[in-house]
file my_file-v8.csv (CSV, C-alpha atoms)
chain,number,residue,atom,x,y,z
A,21,MET,CA,34.3,15.0,0.9
A,22,ASP,CA,34.8,15.5,4.5
A,23,VAL,CA,31.4,15.4,6.2
A,24,GLY,CA,32.7,15.7,9.7
A,25,PRO,CA,31.8,13.3,12.5
A,26,ASN,CA,28.6,11.4,12.1
A,27,LEU,CA,25.8,11.0,14.6
A,28,TRP,CA,27.8,8.6,16.7
A,29,GLY,CA,30.8,10.8,16.8
A,30,THR,CA,32.9,8.7,14.5
A,31,ARG,CA,34.4,9.8,11.2
A,32,PRO,CA,33.5,8.6,7.8
A,33,GLY,CA,35.4,5.5,6.9
A,34,SER,CA,34.2,3.7,10.0
A,35,ARG,CA,31.4,1.3,9.6
A,36,ARG,CA,28.8,3.8,10.7
A,37,VAL,CA,29.1,6.6,8.3
A,38,TYR,CA,27.1,9.7,7.7
A,39,CYS,CA,23.4,9.0,7.5
A,40,GLY,CA,22.0,9.6,4.1
A,41,ILE,CA,25.2,9.1,2.3
A,42,MET,CA,26.2,5.5,2.7
A,43,VAL,CA,23.7,4.0,5.1
A,44,SER,CA,20.2,3.3,3.8
A,45,ALA,CA,17.4,5.4,5.2
A,46,LEU,CA,15.9,2.3,6.9
A,47,GLU,CA,19.2,1.3,8.5
A,48,CYS,CA,19.7,4.9,9.7
A,49,HIS,CA,16.3,5.1,11.3
A,50,LEU,CA,16.6,1.7,12.9
A,51,ALA,CA,20.0,2.6,14.4
A,52,LEU,CA,18.5,5.7,15.9
A,53,LEU,CA,15.7,3.8,17.5
A,54,GLU,CA,18.1,1.1,18.7
A,55,ARG,CA,20.1,3.8,20.4
A,56,GLU,CA,16.9,5.2,21.9
A,57,ALA,CA,16.1,1.8,23.3
A,58,LEU,CA,19.5,1.2,24.7
A,59,ASN,CA,20.1,4.7,26.1
A,60,ARG,CA,16.7,5.4,27.5
A,61,PRO,CA,16.7,6.4,31.2
A,62,THR,CA,14.6,4.4,33.5
A,63,PRO,CA,11.1,5.4,32.3
A,64,SER,CA,8.9,7.1,34.9
A,65,GLY,CA,6.3,9.7,35.0
A,66,SER,CA,4.1,11.1,32.3
A,67,GLU,CA,7.0,12.5,30.3
A,68,GLY,CA,8.5,9.1,30.0
A,69,ALA,CA,5.1,7.7,28.8
A,70,ASP,CA,4.7,10.5,26.2
A,71,ARG,CA,8.1,10.0,24.9
A,72,LEU,CA,7.7,6.3,24.7
A,73,ASP,CA,4.4,6.8,22.8
A,74,GLU,CA,6.4,8.7,20.1
A,75,VAL,CA,9.2,6.2,19.9
A,76,ILE,CA,6.8,3.3,19.6
A,77,ALA,CA,4.8,5.1,16.9
A,78,LEU,CA,8.1,5.6,15.0
A,79,HIS,CA,9.2,2.0,15.4
A,80,VAL,CA,5.8,0.7,14.2
A,81,GLY,CA,6.0,3.1,11.2
A,82,LEU,CA,9.5,1.9,10.4
A,83,TYR,CA,8.2,-1.7,10.4
A,84,GLU,CA,5.5,-0.8,7.9
A,85,VAL,CA,8.2,0.5,5.5
A,86,MET,CA,10.5,-2.4,6.1
A,87,GLU,CA,7.7,-4.9,5.4
A,88,ARG,CA,7.0,-3.2,2.0
A,89,ARG,CA,10.5,-4.4,1.0
A,90,VAL,CA,9.2,-8.0,1.0
A,91,GLY,CA,6.8,-7.2,-1.9
A,92,PRO,CA,3.6,-8.9,-3.0
A,93,ASN,CA,4.8,-12.5,-3.4
A,94,GLY,CA,6.0,-13.4,0.1
A,95,LEU,CA,9.5,-14.2,1.2
A,96,SER,CA,12.1,-15.6,-1.1
A,97,ASP,CA,15.9,-16.1,-0.9
A,98,ALA,CA,16.2,-12.7,-2.4
A,99,HIS,CA,15.1,-11.2,0.9
A,100,ARG,CA,17.8,-12.9,2.9
A,101,THR,CA,19.8,-9.7,3.3
A,102,LEU,CA,16.8,-8.1,5.1
A,103,VAL,CA,16.8,-10.7,7.9
A,104,PRO,CA,19.4,-9.0,10.2
A,105,MET,CA,17.4,-5.7,10.0
A,106,PHE,CA,14.2,-7.5,10.9
A,107,ARG,CA,15.9,-9.2,13.8
A,108,ARG,CA,17.3,-5.9,15.1
A,109,TRP,CA,13.9,-4.3,14.7
A,110,LEU,CA,12.4,-7.2,16.7
A,111,ALA,CA,14.9,-7.0,19.5
A,112,THR,CA,14.4,-3.2,19.8
A,113,ALA,CA,10.6,-3.6,19.8
A,114,ARG,CA,10.8,-6.0,22.7
A,115,LEU,CA,12.8,-3.4,24.7
A,116,PHE,CA,10.1,-0.9,24.1
A,117,VAL,CA,7.4,-3.4,25.2
A,118,ALA,CA,9.3,-4.0,28.4
A,119,ASP,CA,9.5,-0.2,29.0
A,120,ALA,CA,5.8,0.1,28.4
A,121,ARG,CA,5.1,-2.6,30.8
A,122,ASP,CA,7.1,-0.8,33.5
A,123,LEU,CA,5.3,2.4,32.9
A,124,ARG,CA,1.9,0.8,33.0
A,125,ALA,CA,2.8,-0.8,36.3
A,126,ALA,CA,3.7,2.7,37.5
A,127,GLY,CA,0.3,3.9,36.5
A,128,ARG,CA,1.3,5.5,33.2
A,129,PRO,CA,-0.3,3.6,30.3
A,130,VAL,CA,1.5,4.0,27.0
A,131,VAL,CA,-0.3,4.5,23.8
A,132,GLY,CA,0.4,2.3,20.8
A,133,VAL,CA,1.6,-0.8,22.5
A,134,ASP,CA,-1.0,-2.9,20.8
A,135,ASP,CA,0.2,-1.7,17.4
A,136,LEU,CA,3.7,-2.6,18.4
A,137,LEU,CA,2.7,-6.1,19.6
A,138,ARG,CA,0.9,-6.7,16.3
A,139,ALA,CA,4.0,-5.6,14.3
A,140,ILE,CA,6.1,-7.9,16.4
A,141,ASN,CA,4.0,-10.8,15.4
A,142,ARG,CA,4.2,-9.8,11.8
A,143,ALA,CA,8.0,-9.6,12.0
A,144,LYS,CA,8.4,-13.1,13.4
A,145,PRO,CA,8.1,-15.1,10.2
A,146,ILE,CA,10.9,-13.0,8.7
A,147,ALA,CA,13.1,-12.5,11.8
A,148,GLU,CA,12.7,-16.0,13.3
A,149,ASP,CA,11.5,-18.4,10.7
A,150,PHE,CA,13.0,-17.2,7.4
A,151,GLU,CA,14.4,-20.4,6.2
A,152,HIS,CA,11.2,-22.3,6.8
A,153,ILE,CA,9.0,-19.7,5.2
A,154,VAL,CA,11.2,-19.5,2.1
A,155,THR,CA,11.1,-23.3,1.7
A,156,LEU,CA,7.4,-23.2,2.1
A,157,ASN,CA,6.9,-20.5,-0.4
A,158,GLY,CA,9.0,-22.4,-2.9
A,159,ARG,CA,6.8,-25.4,-2.5
A,160,VAL,CA,3.6,-23.2,-2.8
A,161,ALA,CA,5.0,-21.6,-6.0
A,162,ARG,CA,5.6,-25.1,-7.5
A,163,GLY,CA,2.1,-26.2,-6.6
A,164,GLN,CA,3.3,-28.8,-4.2
A,165,GLY,CA,1.3,-29.8,-1.1
A,166,GLY,CA,2.6,-30.1,2.4
A,167,SER,CA,2.1,-32.3,5.4
A,168,TYR,CA,-0.4,-31.3,8.0
A,169,ARG,CA,-1.8,-32.9,11.1
A,170,PRO,CA,-5.4,-32.3,12.2
A,171,LEU,CA,-5.5,-29.8,15.1
A,172,ALA,CA,-7.7,-32.1,17.2
A,173,GLY,CA,-5.1,-34.9,17.2
A,174,VAL,CA,-2.3,-32.4,18.0
A,175,VAL,CA,-4.3,-31.0,20.9
A,176,ASP,CA,-5.0,-34.5,22.3
A,177,GLU,CA,-1.3,-35.3,22.3
A,178,LEU,CA,-0.4,-32.0,23.9
A,179,ARG,CA,-2.9,-32.5,26.7
A,180,THR,CA,-1.3,-35.8,27.7
A,181,GLY,CA,2.3,-34.9,27.0
A,182,PRO,CA,4.8,-32.9,29.1
A,183,GLN,CA,4.0,-29.3,29.5
A,184,PRO,CA,6.4,-26.5,28.4
A,185,PRO,CA,7.8,-24.3,31.2
A,186,ARG,CA,5.8,-21.2,32.0
B,21,MET,CA,-19.4,-23.6,7.5
B,22,SER,CA,-16.5,-24.2,9.8
B,23,TYR,CA,-13.3,-25.3,8.3
B,24,GLU,CA,-11.1,-28.1,9.5
B,25,LEU,CA,-7.7,-27.1,10.8
B,26,GLY,CA,-4.4,-28.8,9.9
B,27,LEU,CA,-1.1,-27.8,11.4
B,28,SER,CA,2.2,-27.7,9.6
B,29,PRO,CA,5.2,-29.1,11.5
B,30,LEU,CA,6.3,-25.6,12.3
B,31,ALA,CA,2.9,-24.5,13.6
B,32,GLU,CA,2.7,-27.7,15.6
B,33,ARG,CA,6.0,-26.9,17.2
B,34,GLN,CA,5.0,-23.4,17.9
B,35,LEU,CA,1.8,-24.5,19.6
B,36,ALA,CA,3.6,-27.2,21.6
B,37,GLY,CA,6.1,-24.6,22.8
B,38,GLN,CA,3.4,-22.5,24.3
B,39,PRO,CA,2.7,-22.9,28.0
B,40,GLU,CA,-0.8,-22.4,29.4
B,41,PRO,CA,-2.6,-20.1,29.4
B,42,LEU,CA,-1.0,-19.0,26.1
B,43,ARG,CA,-1.9,-22.2,24.4
B,44,SER,CA,-5.6,-21.9,25.4
B,45,PHE,CA,-5.7,-18.4,23.8
B,46,THR,CA,-4.1,-19.7,20.7
B,47,LEU,CA,-6.6,-22.6,20.4
B,48,ASP,CA,-9.4,-20.1,20.9
B,49,ALA,CA,-8.0,-18.0,18.1
B,50,LEU,CA,-7.7,-21.0,15.8
B,51,ASN,CA,-11.3,-22.1,16.4
B,52,ARG,CA,-12.6,-18.6,15.8
B,53,LEU,CA,-10.5,-18.5,12.6
B,54,ALA,CA,-12.0,-21.8,11.4
B,55,GLY,CA,-15.5,-20.3,11.7
B,56,ALA,CA,-14.9,-17.3,9.5
B,57,PRO,CA,-11.5,-17.3,7.8
B,58,ALA,CA,-12.5,-15.0,4.9
B,59,SER,CA,-13.8,-12.2,7.1
B,60,LEU,CA,-11.1,-12.5,9.7
B,61,SER,CA,-8.0,-12.6,7.5
B,62,ARG,CA,-6.1,-10.6,4.9
B,63,PRO,CA,-3.2,-11.4,2.6
B,64,SER,CA,0.0,-12.4,4.3
B,65,ALA,CA,3.1,-10.4,3.7
B,66,SER,CA,5.5,-13.3,4.2
B,67,ILE,CA,3.8,-16.5,2.9
B,68,THR,CA,3.0,-16.8,-0.8
B,69,ARG,CA,-0.8,-16.9,-1.3
B,70,GLY,CA,-1.1,-17.0,2.5
B,71,GLN,CA,-3.7,-15.3,4.6
B,72,PHE,CA,-3.0,-13.6,7.9
B,73,ALA,CA,-5.4,-13.2,10.9
B,74,GLU,CA,-4.8,-11.7,14.3
B,75,PHE,CA,-6.7,-11.9,17.5
B,76,ARG,CA,-6.6,-9.8,20.6
B,77,PHE,CA,-7.3,-11.0,24.1
B,78,ASP,CA,-7.7,-8.5,26.9
B,79,LEU,CA,-6.0,-9.7,30.1
B,80,ASP,CA,-5.7,-8.4,33.6
B,81,ARG,CA,-4.2,-5.0,34.5
B,82,GLY,CA,-4.9,-3.5,31.1
B,83,THR,CA,-2.6,-5.8,29.3
B,84,SER,CA,-3.4,-7.6,26.0
B,85,LEU,CA,-2.2,-10.6,24.2
B,86,TRP,CA,-2.1,-10.9,20.4
B,87,VAL,CA,-2.3,-14.2,18.5
B,88,ALA,CA,-1.4,-14.1,14.8
B,89,VAL,CA,-2.1,-17.0,12.5
B,90,THR,CA,-0.9,-17.4,8.9
B,91,PHE,CA,-2.5,-20.0,6.9
B,92,LEU,CA,-3.2,-21.4,3.4
B,93,TYR,CA,-6.6,-22.5,2.1
B,94,GLY,CA,-6.5,-26.2,1.4
B,95,ALA,CA,-7.2,-27.5,-2.1
B,96,ASP,CA,-10.3,-29.3,-0.7
B,97,GLU,CA,-11.8,-26.0,0.2
B,98,GLN,CA,-12.7,-27.4,3.6
B,99,THR,CA,-9.4,-27.2,5.4
B,100,LEU,CA,-7.2,-24.4,6.6
B,101,HIS,CA,-3.5,-25.3,6.6
B,102,VAL,CA,-2.0,-23.3,9.5
B,103,GLU,CA,1.6,-22.5,8.6
B,104,HIS,CA,2.7,-20.1,11.3
B,105,ILE,CA,1.5,-19.1,14.8
B,106,ALA,CA,2.9,-16.1,16.6
B,107,VAL,CA,1.9,-14.9,20.1
B,108,GLU,CA,3.0,-11.7,21.8
B,109,PHE,CA,2.0,-10.5,25.2
B,110,GLY,CA,2.1,-6.9,26.4
B,111,GLY,CA,2.5,-7.6,30.0

call {"tool": "encode", "arguments": {"input": "my_file-v8.csv", "output": "C-alpha coordinates"}}
result
Amino acid sequence: MDVGPNLWGTRPGSRRVYCGIMVSALECHLALLEREALNRPTPSGSEGADRLDEVIALHVGLYEVMERRVGPNGLSDAHRTLVPMFRRWLATARLFVADARDLRAAGRPVVGVDDLLRAINRAKPIAEDFEHIVTLNGRVARGQGGSYRPLAGVVDELRTGPQPPR
Amino acid sequence: MSYELGLSPLAERQLAGQPEPLRSFTLDALNRLAGAPASLSRPSASITRGQFAEFRFDLDRGTSLWVAVTFLYGADEQTLHVEHIAVEFGG
(Lines of atoms letter the chains of each structure in order from A and count residues from 1; the text may use other names and numbers.)
(Lines give C-alpha, C1' and ligand atoms only; values in the text may rest on other atoms or scores of the structure.)
Protein backbone atom coordinates (compact mmCIF):
# COMPACT_ATOMS: atom_id res chain seq x y z
CA MET A 1 0.00 0.00 0.00
CA ASP A 2 1.45 3.30 -1.08
CA VAL A 3 0.65 5.84 1.61
CA GLY A 4 2.65 8.63 0.03
CA PRO A 5 5.28 10.71 1.74
CA ASN A 6 5.10 10.81 5.48
CA LEU A 7 5.22 13.78 7.80
CA TRP A 8 8.94 14.19 7.23
CA GLY A 9 8.68 14.06 3.46
CA THR A 10 10.28 10.63 3.16
CA ARG A 11 8.62 7.60 1.71
CA PRO A 12 7.62 4.41 3.52
CA GLY A 13 10.47 2.00 3.80
CA SER A 14 12.69 4.63 5.34
CA ARG A 15 13.08 4.42 9.07
CA ARG A 16 10.45 7.03 9.73
CA VAL A 17 7.32 5.75 8.14
CA TYR A 18 3.76 6.82 8.13
CA CYS A 19 2.55 7.63 11.64
CA GLY A 20 -0.08 5.27 12.83
CA ILE A 21 0.98 2.42 10.61
CA MET A 22 4.39 1.28 11.76
CA VAL A 23 5.45 3.80 14.41
CA SER A 24 3.77 3.60 17.77
CA ALA A 25 1.54 6.47 18.78
CA LEU A 26 3.95 7.49 21.54
CA GLU A 27 6.93 7.52 19.21
CA CYS A 28 4.94 9.54 16.72
CA HIS A 29 3.90 12.17 19.22
CA LEU A 30 7.37 12.35 20.69
CA ALA A 31 8.89 12.86 17.26
CA LEU A 32 6.47 15.69 16.56
CA LEU A 33 7.38 17.41 19.81
CA GLU A 34 11.09 16.88 19.17
CA ARG A 35 10.68 18.53 15.82
CA GLU A 36 8.78 21.37 17.46
CA ALA A 37 11.64 21.87 19.93
CA LEU A 38 14.33 21.79 17.27
CA ASN A 39 12.54 23.92 14.70
CA ARG A 40 11.07 26.55 16.97
CA PRO A 41 11.91 30.11 15.94
CA THR A 42 13.49 32.21 18.64
CA PRO A 43 10.58 32.61 21.02
CA SER A 44 9.44 36.14 21.61
CA GLY A 45 6.26 37.94 22.34
CA SER A 46 2.95 36.72 23.65
CA GLU A 47 2.34 34.47 20.66
CA GLY A 48 5.54 32.61 21.43
CA ALA A 49 4.53 32.23 25.07
CA ASP A 50 1.04 30.96 24.16
CA ARG A 51 2.38 28.45 21.72
CA LEU A 52 4.99 27.22 24.17
CA ASP A 53 2.22 26.85 26.78
CA GLU A 54 0.48 24.42 24.43
CA VAL A 55 3.61 22.52 23.53
CA ILE A 56 4.58 22.11 27.17
CA ALA A 57 1.11 20.85 28.04
CA LEU A 58 1.37 18.30 25.26
CA HIS A 59 4.83 17.20 26.36
CA VAL A 60 3.72 16.76 29.96
CA GLY A 61 0.68 14.83 28.81
CA LEU A 62 2.89 12.60 26.70
CA TYR A 63 5.02 11.86 29.74
CA GLU A 64 1.97 10.80 31.74
CA VAL A 65 1.14 8.24 29.08
CA MET A 66 4.74 7.06 28.76
CA GLU A 67 5.03 6.55 32.51
CA ARG A 68 1.96 4.32 32.49
CA ARG A 69 3.98 1.85 30.43
CA VAL A 70 6.13 1.18 33.49
CA GLY A 71 3.19 -0.39 35.29
CA PRO A 72 2.51 -0.76 39.01
CA ASN A 73 5.63 -2.66 40.10
CA GLY A 74 8.42 -0.31 39.16
CA LEU A 75 11.16 -0.69 36.61
CA SER A 76 12.48 -4.03 35.52
CA ASP A 77 14.65 -5.26 32.71
CA ALA A 78 11.48 -5.65 30.65
CA HIS A 79 11.32 -1.87 30.41
CA ARG A 80 14.76 -1.50 28.88
CA THR A 81 13.37 -0.76 25.44
CA LEU A 82 11.61 2.30 26.85
CA VAL A 83 14.80 3.99 27.99
CA PRO A 84 15.69 5.66 24.65
CA MET A 85 12.20 7.15 24.45
CA PHE A 86 12.45 8.54 27.97
CA ARG A 87 15.87 10.00 27.17
CA ARG A 88 14.51 11.67 24.07
CA TRP A 89 11.57 13.02 26.05
CA LEU A 90 13.94 14.41 28.69
CA ALA A 91 16.24 16.11 26.17
CA THR A 92 13.25 17.73 24.48
CA ALA A 93 11.78 18.82 27.79
CA ARG A 94 14.98 20.63 28.66
CA LEU A 95 14.83 22.54 25.38
CA PHE A 96 11.34 23.70 26.29
CA VAL A 97 12.52 24.75 29.76
CA ALA A 98 15.27 26.83 28.14
CA ASP A 99 12.73 28.47 25.81
CA ALA A 100 10.46 29.21 28.75
CA ARG A 101 13.36 30.77 30.62
CA ASP A 102 14.10 33.07 27.67
CA LEU A 103 10.47 34.10 27.38
CA ARG A 104 10.22 34.80 31.08
CA ALA A 105 13.33 36.94 30.89
CA ALA A 106 11.60 38.86 28.12
CA GLY A 107 8.63 39.47 30.37
CA ARG A 108 6.42 36.68 28.98
CA PRO A 109 5.88 34.04 31.64
CA VAL A 110 4.95 30.63 30.29
CA VAL A 111 2.21 28.54 31.87
CA GLY A 112 2.95 24.96 32.79
CA VAL A 113 6.69 25.12 33.41
CA ASP A 114 6.29 23.75 36.92
CA ASP A 115 4.45 20.71 35.58
CA LEU A 116 7.26 20.18 33.09
CA LEU A 117 9.94 20.45 35.78
CA ARG A 118 8.06 17.92 37.90
CA ALA A 119 7.81 15.53 34.97
CA ILE A 120 11.52 15.95 34.26
CA ASN A 121 12.33 14.86 37.80
CA ARG A 122 10.03 11.84 37.46
CA ALA A 123 11.72 10.89 34.20
CA LYS A 124 15.25 10.87 35.60
CA PRO A 125 15.23 7.46 37.31
CA ILE A 126 14.22 5.89 34.00
CA ALA A 127 16.20 8.05 31.63
CA GLU A 128 19.38 8.51 33.66
CA ASP A 129 19.58 5.77 36.32
CA PHE A 130 17.80 2.79 34.76
CA GLU A 131 20.44 0.16 35.53
CA HIS A 132 20.72 1.20 39.13
CA ILE A 133 16.97 1.27 39.68
CA VAL A 134 16.44 -2.14 38.08
CA THR A 135 19.13 -3.62 40.30
CA LEU A 136 17.53 -1.98 43.33
CA ASN A 137 14.09 -3.26 42.42
CA GLY A 138 15.40 -6.78 42.03
CA ARG A 139 16.86 -6.58 45.50
CA VAL A 140 13.63 -5.19 46.95
CA ALA A 141 11.61 -7.95 45.27
CA ARG A 142 13.90 -10.57 46.85
CA GLY A 143 13.53 -8.94 50.26
CA GLN A 144 17.20 -8.05 50.45
CA GLY A 145 18.37 -4.97 52.31
CA GLY A 146 20.73 -2.33 51.02
CA SER A 147 23.53 -0.22 52.33
CA TYR A 148 22.71 3.26 53.58
CA ARG A 149 24.69 5.97 55.28
CA PRO A 150 23.13 8.33 57.79
CA LEU A 151 22.42 11.71 56.20
CA ALA A 152 24.10 13.58 59.04
CA GLY A 153 27.40 11.84 58.42
CA VAL A 154 27.19 12.43 54.68
CA VAL A 155 26.47 16.12 55.20
CA ASP A 156 29.43 16.52 57.57
CA GLU A 157 31.75 15.01 54.98
CA LEU A 158 30.34 17.15 52.21
CA ARG A 159 30.81 20.32 54.23
CA THR A 160 34.48 19.70 54.70
CA GLY A 161 35.22 18.17 51.31
CA PRO A 162 35.79 19.82 47.90
CA GLN A 163 32.72 21.57 46.52
CA PRO A 164 31.31 20.68 43.08
CA PRO A 165 31.42 23.42 40.45
CA ARG A 166 28.42 25.75 40.25
CA MET B 1 7.87 11.47 65.04
CA SER B 2 10.71 12.42 62.72
CA TYR B 3 12.37 9.64 60.82
CA GLU B 4 16.09 9.13 60.45
CA LEU B 5 17.39 9.44 56.93
CA GLY B 6 19.81 7.06 55.27
CA LEU B 7 21.23 7.63 51.80
CA SER B 8 21.89 4.92 49.25
CA PRO B 9 25.22 5.17 47.40
CA LEU B 10 23.38 6.65 44.40
CA ALA B 11 21.54 9.24 46.49
CA GLU B 12 24.79 10.13 48.20
CA ARG B 13 26.47 10.70 44.84
CA GLN B 14 23.53 12.77 43.67
CA LEU B 15 23.69 14.96 46.78
CA ALA B 16 27.47 15.28 46.57
CA GLY B 17 27.18 16.39 42.95
CA GLN B 18 24.96 19.32 43.80
CA PRO B 19 26.62 22.70 44.23
CA GLU B 20 25.26 25.23 46.64
CA PRO B 21 22.62 26.51 46.86
CA LEU B 22 21.00 23.43 45.28
CA ARG B 23 22.34 21.21 48.02
CA SER B 24 20.80 23.38 50.74
CA PHE B 25 17.41 23.15 49.07
CA THR B 26 17.76 19.39 48.84
CA LEU B 27 18.67 19.09 52.51
CA ASP B 28 15.70 21.27 53.38
CA ALA B 29 13.46 18.94 51.36
CA LEU B 30 14.92 15.84 53.03
CA ASN B 31 14.38 17.27 56.48
CA ARG B 32 10.80 18.18 55.66
CA LEU B 33 10.25 14.69 54.32
CA ALA B 34 11.61 13.12 57.49
CA GLY B 35 9.00 15.01 59.50
CA ALA B 36 5.95 13.76 57.59
CA PRO B 37 6.78 11.16 54.94
CA ALA B 38 3.32 9.61 54.79
CA SER B 39 1.51 12.86 54.11
CA LEU B 40 4.15 14.20 51.72
CA SER B 41 4.61 11.17 49.49
CA ARG B 42 2.80 8.89 47.11
CA PRO B 43 3.77 5.60 45.44
CA SER B 44 6.76 5.80 43.14
CA ALA B 45 6.38 4.84 39.51
CA SER B 46 9.94 3.62 39.15
CA ILE B 47 11.02 2.00 42.42
CA THR B 48 9.29 -1.14 43.68
CA ARG B 49 7.40 -0.33 46.89
CA GLY B 50 9.03 3.08 46.77
CA GLN B 51 7.49 6.37 47.77
CA PHE B 52 7.92 9.62 45.89
CA ALA B 53 7.84 13.13 47.32
CA GLU B 54 8.43 16.45 45.62
CA PHE B 55 9.12 19.89 46.98
CA ARG B 56 8.94 23.27 45.33
CA PHE B 57 11.12 26.23 46.21
CA ASP B 58 10.28 29.68 44.88
CA LEU B 59 13.34 31.58 43.78
CA ASP B 60 14.04 35.05 42.45
CA ARG B 61 12.53 36.41 39.22
CA GLY B 62 9.57 34.08 39.37
CA THR B 63 11.57 30.91 38.89
CA SER B 64 11.11 27.73 40.85
CA LEU B 65 13.21 24.75 41.82
CA TRP B 66 11.80 21.27 42.32
CA VAL B 67 13.40 18.58 44.46
CA ALA B 68 12.08 15.04 44.06
CA VAL B 69 12.99 12.31 46.54
CA THR B 70 12.25 8.60 46.11
CA PHE B 71 12.61 6.48 49.19
CA LEU B 72 11.78 3.20 50.88
CA TYR B 73 10.57 2.80 54.43
CA GLY B 74 13.14 1.00 56.53
CA ALA B 75 12.25 -2.26 58.22
CA ASP B 76 12.84 -0.62 61.59
CA GLU B 77 9.97 1.78 60.85
CA GLN B 78 12.18 4.60 62.03
CA THR B 79 14.33 5.20 58.98
CA LEU B 80 13.72 6.40 55.46
CA HIS B 81 16.09 4.93 52.90
CA VAL B 82 16.59 7.61 50.28
CA GLU B 83 17.19 5.88 46.96
CA HIS B 84 17.07 8.69 44.42
CA ILE B 85 17.24 12.49 44.46
CA ALA B 86 16.37 14.64 41.47
CA VAL B 87 16.58 18.39 41.26
CA GLU B 88 15.39 20.57 38.40
CA PHE B 89 15.51 24.31 38.13
CA GLY B 90 13.29 26.44 35.96
CA GLY B 91 15.64 29.35 35.68

call {"tool": "atom_distance", "arguments": {"input": "my_file-v8.csv", "atom1": "CA of Val103 (chain A)", "atom2": "CA of Val102 (chain B)"}}
result
22.7 Å

call {"tool": "interface_residues", "arguments": {"input": "my_file-v8.csv", "of": "chain A", "to": "chain B", "cutoff": "7 Å", "atoms": "only C-alpha atoms", "output": "list of chain:residue names"}}
result
A:Pro92, A:Asn93, A:Gly94, A:Leu95, A:Val117, A:Arg121, A:Leu137, A:Arg138, A:Asn141, A:Pro145, A:Ile153, A:Asn157, A:Val160, A:Ser167, A:Tyr168, A:Arg169, A:Pro170, A:Leu171, A:Leu178, A:Gln183, A:Pro184, A:Pro185, A:Arg186

call {"tool": "atom_distance", "arguments": {"input": "my_file-v8.csv", "atom1": "CA of Arg55 (chain A)", "atom2": "CA of Pro104 (chain A)"}}
result
16.4 Å

call {"tool": "atom_distance", "arguments": {"input": "my_file-v8.csv", "atom1": "CA of Arg128 (chain A)", "atom2": "CA of Tyr83 (chain A)"}}
result
24.9 Å

call {"tool": "closest_residue", "arguments": {"input": "my_file-v8.csv", "among": "A:Leu156, A:Leu102, A:Leu53, A:Leu72", "to": "Asp122 (chain A)", "atoms": "only C-alpha atoms"}}
result
A:Leu72

call {"tool": "residues_around", "arguments": {"input": "my_file-v8.csv", "residues": "Tyr23 (chain B)", "least_positions_apart": "6", "cutoff": "9 Å", "atoms": "all atoms listed in the file", "output": "short mmCIF file (atom, residue, chain, number, x, y, z; two decimals) with C-alpha atoms, in the frame of the given file"}}
result
data_model
loop_
_atom_site.label_atom_id
_atom_site.label_comp_id
_atom_site.auth_asym_id
_atom_site.auth_seq_id
_atom_site.Cartn_x
_atom_site.Cartn_y
_atom_site.Cartn_z
CA ASN B 51 -11.30 -22.10 16.40
CA LEU B 53 -10.50 -18.50 12.60
CA ALA B 54 -12.00 -21.80 11.40
CA GLY B 55 -15.50 -20.30 11.70
CA ALA B 56 -14.90 -17.30 9.50
CA PRO B 57 -11.50 -17.30 7.80
CA GLU B 97 -11.80 -26.00 0.20
CA GLN B 98 -12.70 -27.40 3.60
CA THR B 99 -9.40 -27.20 5.40
CA LEU B 100 -7.20 -24.40 6.60
#

call {"tool": "closest_residue", "arguments": {"input": "my_file-v8.csv", "among": "A:Ile140, A:Cys48, A:Glu177, A:Glu74", "to": "Arg107 (chain A)", "atoms": "only C-alpha atoms"}}
result
A:Ile140
